[in-house]
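Heads up, the thing below is written out as structure tokens.
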Amino acid sequence: MKKFSNVLMAVAIAMAALSGCEKPQDQDPPQQDEPQAEAPICTYIYDDEEYPVYSVSSADSGSQIAVKISPIKEPYDQTTYAVIGINSSLEGEYIDVERAWSNDDYYFIYETPTMYYSQYRSLQSGTIMIRRVPGEDQYEVFADVVLPDGKNFKFECDKL
């Protein structure tokens with residue numbers, strides 16, 4: 001019994017000694033500036049839901065101007081994108097899609113992994129405008145249209 005109480009006393013002394021000591025705090029390595037999430041270039045609205053635009057490309061063939069926007073950053077496969085295009089002779093004009101010719105005056109494509117709006121289906125209503133930003137190789141783009149199935153698509157950006 002005496003041995004047991006000596007062991008118990010040694011454990012109690014050790015515990016008391018350890019309780020007075022604080023374990024050194026683990027120090028985190030110095031934090032390096034974490035890269036901030038890239039801000040979107042602009043946003044678009046499809047069926048009343050807002051989506052970021054991270055990728056933009058444009059083309060001017062002389063007879064047509066087209067702008068492609070996507071919420072997916074390059075170089076990844078852009079499975080979701082919209083293409084807004086106009087006849088170059090209408091640059092800077094607000095085109096009423098109800099009065100204009102689809103695939104002649106304007107064209108519009110929107111694709112996601114689960115749906116596809118073809119350029120061969122006329123939009124129900126709305127307005128499209130593309131204008132070159134003076135002195136720059138960029139475009140101002142405006143689209144507020146109703147798609148063939150009645151869903152809305154809105155996009156506006158002043159420098160793409």
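To be explicit about the labels: the chains of the structure tokens are called A, B, and onward in the order shown, and within each one the residues are counted from 1, while ligands get numbers from 1 in the order they are shown.
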Query raised in the report: Hey, what's within 8 Å of Tyr94 (chain A) if we count only C-alpha atoms and toss same-chain stuff fewer than 2 positions away? As an MDAnalysis selection string, please?
Result: chainID A and resid 92 96 127:129
Take the residues that were just selected and, keeping N, CA and C atoms, output them as a JSON list (two decimals), in the first residue's frame.
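See out_33.json below for the written result:
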```json
[["chain", "number", "residue", "atom", "x", "y", "z"],
["A", 92, "GLY", "N", -23.82, 50.30, -83.22],
["A", 92, "GLY", "CA", -24.19, 51.48, -82.45],
["A", 92, "GLY", "C", -25.68, 51.76, -82.41],
["A", 96, "ASP", "N", -34.31, 46.50, -82.49],
["A", 96, "ASP", "CA", -35.53, 45.89, -81.97],
["A", 96, "ASP", "C", -35.66, 44.52, -82.64],
["A", 127, "THR", "N", -34.13, 44.16, -77.22],
["A", 127, "THR", "CA", -33.20, 45.05, -77.91],
["A", 127, "THR", "C", -31.77, 44.54, -77.76],
["A", 128, "ILE", "N", -31.01, 44.70, -78.84],
["A", 128, "ILE", "CA", -29.57, 44.37, -78.84],
["A", 128, "ILE", "C", -28.82, 45.56, -79.43],
["A", 129, "MET", "N", -27.63, 45.85, -78.86],
["A", 129, "MET", "CA", -26.79, 46.92, -79.39],
["A", 129, "MET", "C", -25.33, 46.55, -79.14]]
```
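Put simply, CA of Phe153 (chain A) is 16.2 Å away from CA of Ser102 (chain A).
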Requested in this report: Would you please give, as number ranges by chain, all residues of region 19-154 of chain A that DSSP assigns to strand (DSSP E) based on the backbone?
Outcome: A: 42-46, 49-53, 55-60, 64-70, 81-87, 95-96, 106-112, 115-117, 125-132, 139-146, 152-154
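Picture a line from CA of Ala82 (chain A) to CA of Phe108 (chain A); it runs 7.3 Å.
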Query raised in the report: For Lys159 (chain A), which residue out of A:Ile65, A:Val56, A:Met115, A:Val145 is the nearest one, using only C-alpha atoms?
Result: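 Under the stated criterion, the closest residue is A:Val56.
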Query - Among listed residues A:Glu74, A:Ser55, A:Val67, A:Asp47, nearest Asp149 (chain A) (using only C-alpha atoms) - result: A:Asp47
Query raised in the report: Counting only C-alpha atoms, what is within 12 Å of Tyr116 (chain A), bar same-chain residues fewer than 4 positions away, as a PyMOL selection string?
Result: chain A and resi 79-83+108-112+120-121+147-149
Report task. Could you tell me how far CA of Ser118 (chain A) lies from CA of Tyr76 (chain A), in Å and to one decimal? Result ->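 Interatomic distance here is 22.3 Å.
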Query raised in the report: Smallest atom-to-atom distance to Val133 (chain A): which of A:Tyr106, A:Gly62, A:Glu91, A:Phe155, using only C-alpha atoms?
Result: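 Answer, going by the shortest atom-to-atom distance: A:Glu91.
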Query raised in the report: Nearest to Arg132 (chain A): which of A:Glu38, A:Asp158, A:Asp48, A:Asp104 is it, counting only C-alpha atoms?
Result: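 Of A:Glu38, A:Asp158, A:Asp48, A:Asp104, the one nearest Arg132 (chain A) is A:Asp158, counting only C-alpha atoms.
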Query raised in the report: Hey, what's within 9 Å of Ser57 (chain A) if we count only C-alpha atoms and toss same-chain stuff fewer than 6 positions away? As number ranges by chain, please?
Result: A: 66-69, 160
Requested in this report: Determine the nearest neighbour of Trp101 (chain A) from the options A:Thr114, A:Gln64, A:Gln138, A:Asn87, counting only C-alpha atoms.
Outcome: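 Nearest candidate to Trp101 (chain A) out of A:Thr114, A:Gln64, A:Gln138, A:Asn87: A:Asn87.
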